[in-house]
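A short worksheet on the structure shown next.
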Amino acid sequence: MKLKQIFCRHKKLSPYLKNEKFLNLSGETVYWKCDRCDKIVKSEFYTNEEFILSFRFSHDQDVD
């Protein structure tokens with residue numbers, strides 16, 4: 001663990017998809033990564049339907 005990751009407050013998160021060797025057919029695992037320190041803060045599993053609906057509407061709007 002880097003010293004930068006310990007003292008970061010992880011306020012600005014962005015979704016991140018890993019390029020994995022094997023794909024999960026029932027959905028996607030989305031990792032939330034801090035933009036400042038590159039630490040993976042949390043991970044969530046979305047089914048294919050949830051993945052399409054959640055990211056289609058969230059990227060249409062600008063979030064501050």
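Quick note on naming: the chains in the structure tokens go A, B, ... in the order shown, residues restart at 1 in each chain, and ligands are numbered from 1 in order of appearance.
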
**Study point:** Per-residue DSSP, chain A, filtered to strand (DSSP E), as a VMD selection string
**Key:** chain A and resid 13 to 16 27 to 34 40 to 47

Contacts of Gln5 in chain A at 12 Å (only C-alpha atoms; same-chain gap of 5+ positions) as a tab-separated table (two decimals) with N, CA, C and O atoms, in the first residue's frame:
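The resulting selection_0.tsv:
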chain	number	residue	atom	x	y	z
A	10	HIS	N	-10.37	9.75	-0.84
A	10	HIS	CA	-11.14	9.03	-1.86
A	10	HIS	C	-12.48	9.71	-2.15
A	10	HIS	O	-13.53	9.10	-2.10
A	33	LYS	N	-12.63	3.11	-8.47
A	33	LYS	CA	-11.23	3.47	-8.25
A	33	LYS	C	-11.13	4.97	-7.99
A	33	LYS	O	-11.77	5.77	-8.65
A	34	CYS	N	-10.30	5.33	-7.02
A	34	CYS	CA	-10.05	6.73	-6.71
A	34	CYS	C	-9.18	7.34	-7.81
A	34	CYS	O	-8.19	6.74	-8.23
A	35	ASP	N	-9.55	8.51	-8.28
A	35	ASP	CA	-8.81	9.17	-9.35
A	35	ASP	C	-7.47	9.76	-8.87
A	35	ASP	O	-6.54	9.89	-9.64
A	36	ARG	N	-7.40	10.09	-7.61
A	36	ARG	CA	-6.18	10.72	-7.09
A	36	ARG	C	-5.08	9.72	-6.77
A	36	ARG	O	-3.92	9.95	-7.06
A	37	CYS	N	-5.44	8.57	-6.15
A	37	CYS	CA	-4.40	7.65	-5.68
A	37	CYS	C	-4.45	6.28	-6.35
A	37	CYS	O	-3.62	5.43	-6.05
A	38	ASP	N	-5.42	6.04	-7.22
A	38	ASP	CA	-5.58	4.78	-7.96
A	38	ASP	C	-5.86	3.56	-7.08
A	38	ASP	O	-5.57	2.44	-7.46
A	39	LYS	N	-6.43	3.77	-5.92
A	39	LYS	CA	-6.80	2.65	-5.06
A	39	LYS	C	-8.21	2.19	-5.42
A	39	LYS	O	-9.10	3.00	-5.64
A	40	ILE	N	-8.42	0.87	-5.46
A	40	ILE	CA	-9.75	0.33	-5.67
A	40	ILE	C	-10.46	0.35	-4.32
A	40	ILE	O	-10.08	-0.36	-3.39
A	41	VAL	N	-11.50	1.19	-4.23
A	41	VAL	CA	-12.17	1.43	-2.97
A	41	VAL	C	-13.25	0.39	-2.71
A	41	VAL	O	-13.37	-0.13	-1.60

Practice item. List the neighbours of Leu17 in chain A out to 10 Å using only C-alpha atoms; skip same-chain residues closer than 3 positions along the sequence, and give me the result as a list in words. Key: Glu20, Glu28, Thr29, Val30, Tyr31, Trp32, Lys33 and Ser43 of chain A

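Atom to atom, CA of Ile6 in chain A and CA of Tyr46 in chain A stand 28.2 Å apart.
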
Point to revise | Those of chain A in DSSP helix (DSSP H, G or I), formatted as a PyMOL selection string | key: chain A and resi 3-7+48-58

Review point. Could you work out how far CA of Thr47 in chain A lies from CA of Leu25 in chain A, giving the answer in Å with one decimal?
Key: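 Between CA of Leu25 in chain A and CA of Thr47 in chain A the gap is 9.0 Å.
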
Exercise for review: Please indicate the distance in Å from CA of Ser54 in chain A to CA of Phe22 in chain A, rounded to one decimal place.
Suggested key: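 Calculated distance between CA of Ser54 in chain A and CA of Phe22 in chain A is 23.2 Å.
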